[in-house]
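Taking it in order: structure first as structure tokens, then the write-up.
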Amino acid sequence: MSGVWDRSIIVNLTVMSQKPVVDQDACVGCQTCLSVCPAGELFKMNDEGKAEFVSENQDNCIESQVCVNSCPAGAISMVSR
Ligand code: SF4
């Protein structure tokens, strides 16, 4: 029984090791990532009209990758936290 529990902990640590990052040159400012994120408020628009990941909220990221798959410009990728 404890083996199952230990494996669960390892899987969770492995899964929650990444966060999205926005390629500022590729972003077209459509704000899709702001609305589709299931964790909410993980992206904001900066003064240049580009999306940015809100690093202070990175612990809320569940790595759904909905942002990566929804961005029409392909501007979002996952990187190590
Ligand atoms: S969905 Fe992609 S192109 Fe649109 S604002 Fe977010 S990063 Fe930029």
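The chains in the structure tokens are called A, B, ... from first to last as shown; in each chain the residues are counted from 1, and the ligands are counted from 1 in the order shown.
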* Asked: Among chain A, which residues carry a DSSP assignment of strand (DSSP E), reported as number ranges by chain?
  -> A: 18-22, 43-45, 51-53, 76-80
* Using DSSP on the backbone, list every residue of chain A that comes out as alpha helix (DSSP H), and give them as a count of residues only. => 24
* What do you get as a ChimeraX atom specification if you pick all residues at most 8 Å from ligand 1, counting only C-alpha atoms and all ligand atoms? -> /A:22-24,26-34,43,45,50-52,67-68,70-76
Selection to disk with C-alpha atoms, as a PDB file, in the first residue's frame:
```pdb
ATOM      1  CA  VAL A  22       5.233  33.438 -23.933  1.00  0.00           C
ATOM      2  CA  ASP A  23       7.483  34.183 -26.903  1.00  0.00           C
ATOM      3  CA  GLN A  24       7.108  37.969 -26.990  1.00  0.00           C
ATOM      4  CA  ALA A  26       5.412  35.644 -31.689  1.00  0.00           C
ATOM      5  CA  CYS A  27       2.511  36.872 -29.501  1.00  0.00           C
ATOM      6  CA  VAL A  28      -0.144  38.788 -31.450  1.00  0.00           C
ATOM      7  CA  GLY A  29      -1.957  40.024 -28.329  1.00  0.00           C
ATOM      8  CA  CYS A  30      -5.257  38.234 -28.925  1.00  0.00           C
ATOM      9  CA  GLN A  31      -5.700  37.535 -25.179  1.00  0.00           C
ATOM     10  CA  THR A  32      -6.925  33.990 -25.803  1.00  0.00           C
ATOM     11  CA  CYS A  33      -4.569  32.630 -23.144  1.00  0.00           C
ATOM     12  CA  LEU A  34      -6.080  34.974 -20.548  1.00  0.00           C
ATOM     13  CA  PHE A  43      -1.474  35.515 -17.817  1.00  0.00           C
ATOM     14  CA  MET A  45      -1.106  41.794 -20.885  1.00  0.00           C
ATOM     15  CA  LYS A  50       1.773  41.081 -25.367  1.00  0.00           C
ATOM     16  CA  ALA A  51       0.787  38.337 -22.962  1.00  0.00           C
ATOM     17  CA  GLU A  52       3.050  37.468 -20.044  1.00  0.00           C
ATOM     18  CA  CYS A  67      -2.837  27.856 -23.265  1.00  0.00           C
ATOM     19  CA  VAL A  68      -0.194  26.115 -25.380  1.00  0.00           C
ATOM     20  CA  SER A  70      -5.116  27.411 -27.768  1.00  0.00           C
ATOM     21  CA  CYS A  71      -2.632  30.091 -28.782  1.00  0.00           C
ATOM     22  CA  PRO A  72      -3.255  30.859 -32.469  1.00  0.00           C
ATOM     23  CA  ALA A  73       0.292  32.141 -32.868  1.00  0.00           C
ATOM     24  CA  GLY A  74       2.004  29.143 -31.289  1.00  0.00           C
ATOM     25  CA  ALA A  75       3.680  31.605 -28.944  1.00  0.00           C
ATOM     26  CA  ILE A  76       3.396  29.596 -25.717  1.00  0.00           C
TER      27      ILE A  76
END
```
* Work out how far atom CA of Met16 of chain A is from atom CA of Asp59 of chain A, in Å to one decimal. => 8.7 Å
* Structure fact -> Counting only C-alpha atoms, closest pick from A:Val21, A:Leu42, A:Val36, A:Val54 relative to Ser77 of chain A is A:Val21
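Nearest-residue note for Ala39 of chain A: choosing from A:Ser17, A:Asn69, A:Asn60, A:Ser80, the minimum distance belongs to A:Asn60, counting only C-alpha atoms.
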Skip Gln18 of chain A itself and residues of its chain fewer than 4 positions away, then list as an mmCIF file with N, CA and C atoms, in the first residue's frame all residues within 12 Å of it, counting only C-alpha atoms.
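Saved the output as selection13.cif:
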```
data_model
loop_
_atom_site.group_PDB
_atom_site.id
_atom_site.type_symbol
_atom_site.label_atom_id
_atom_site.label_comp_id
_atom_site.auth_asym_id
_atom_site.auth_seq_id
_atom_site.Cartn_x
_atom_site.Cartn_y
_atom_site.Cartn_z
ATOM 1 N N ASN A 12 3.273 13.363 -8.905
ATOM 2 C CA ASN A 12 2.861 14.746 -8.728
ATOM 3 C C ASN A 12 4.041 15.703 -8.805
ATOM 4 N N LEU A 13 5.161 15.331 -8.230
ATOM 5 C CA LEU A 13 6.334 16.190 -8.276
ATOM 6 C C LEU A 13 6.842 16.324 -9.709
ATOM 7 N N THR A 14 6.736 15.249 -10.465
ATOM 8 C CA THR A 14 7.211 15.270 -11.844
ATOM 9 C C THR A 14 6.293 16.115 -12.715
ATOM 10 N N SER A 55 4.453 35.185 -12.981
ATOM 11 C CA SER A 55 5.325 34.283 -12.221
ATOM 12 C C SER A 55 4.898 34.125 -10.767
ATOM 13 N N GLN A 58 2.624 31.174 -10.298
ATOM 14 C CA GLN A 58 2.992 29.936 -10.978
ATOM 15 C C GLN A 58 2.602 28.682 -10.199
ATOM 16 N N ASP A 59 2.491 28.797 -8.877
ATOM 17 C CA ASP A 59 2.092 27.623 -8.096
ATOM 18 C C ASP A 59 0.657 27.208 -8.394
ATOM 19 N N ASN A 60 -0.130 28.095 -8.987
ATOM 20 C CA ASN A 60 -1.513 27.756 -9.346
ATOM 21 C C ASN A 60 -1.603 26.995 -10.665
ATOM 22 N N CYS A 61 -0.522 26.998 -11.430
ATOM 23 C CA CYS A 61 -0.534 26.343 -12.741
ATOM 24 C C CYS A 61 -0.644 24.830 -12.568
ATOM 25 N N ILE A 62 -1.635 24.245 -13.243
ATOM 26 C CA ILE A 62 -1.847 22.798 -13.173
ATOM 27 C C ILE A 62 -1.304 22.097 -14.425
ATOM 28 N N GLU A 63 -0.584 22.841 -15.228
ATOM 29 C CA GLU A 63 0.062 22.290 -16.429
ATOM 30 C C GLU A 63 -0.930 21.616 -17.376
ATOM 31 N N SER A 64 -2.078 22.222 -17.502
ATOM 32 C CA SER A 64 -3.090 21.670 -18.417
ATOM 33 C C SER A 64 -2.654 21.810 -19.870
ATOM 34 N N GLN A 65 -1.814 22.808 -20.120
ATOM 35 C CA GLN A 65 -1.326 23.152 -21.455
ATOM 36 C C GLN A 65 -2.450 23.619 -22.390
ATOM 37 N N SER A 77 5.014 28.044 -24.860
ATOM 38 C CA SER A 77 5.640 26.729 -24.685
ATOM 39 C C SER A 77 5.858 26.494 -23.205
ATOM 40 N N MET A 78 6.087 25.252 -22.849
ATOM 41 C CA MET A 78 6.308 24.904 -21.451
ATOM 42 C C MET A 78 7.807 24.826 -21.183
ATOM 43 N N VAL A 79 8.217 25.390 -20.030
ATOM 44 C CA VAL A 79 9.629 25.354 -19.633
ATOM 45 C C VAL A 79 9.685 24.907 -18.177
ATOM 46 N N SER A 80 10.856 24.546 -17.706
ATOM 47 C CA SER A 80 11.025 24.147 -16.322
ATOM 48 C C SER A 80 10.767 25.319 -15.404
ATOM 49 N N ARG A 81 10.154 25.043 -14.252
ATOM 50 C CA ARG A 81 9.900 26.115 -13.282
ATOM 51 C C ARG A 81 11.183 26.534 -12.614
#
```
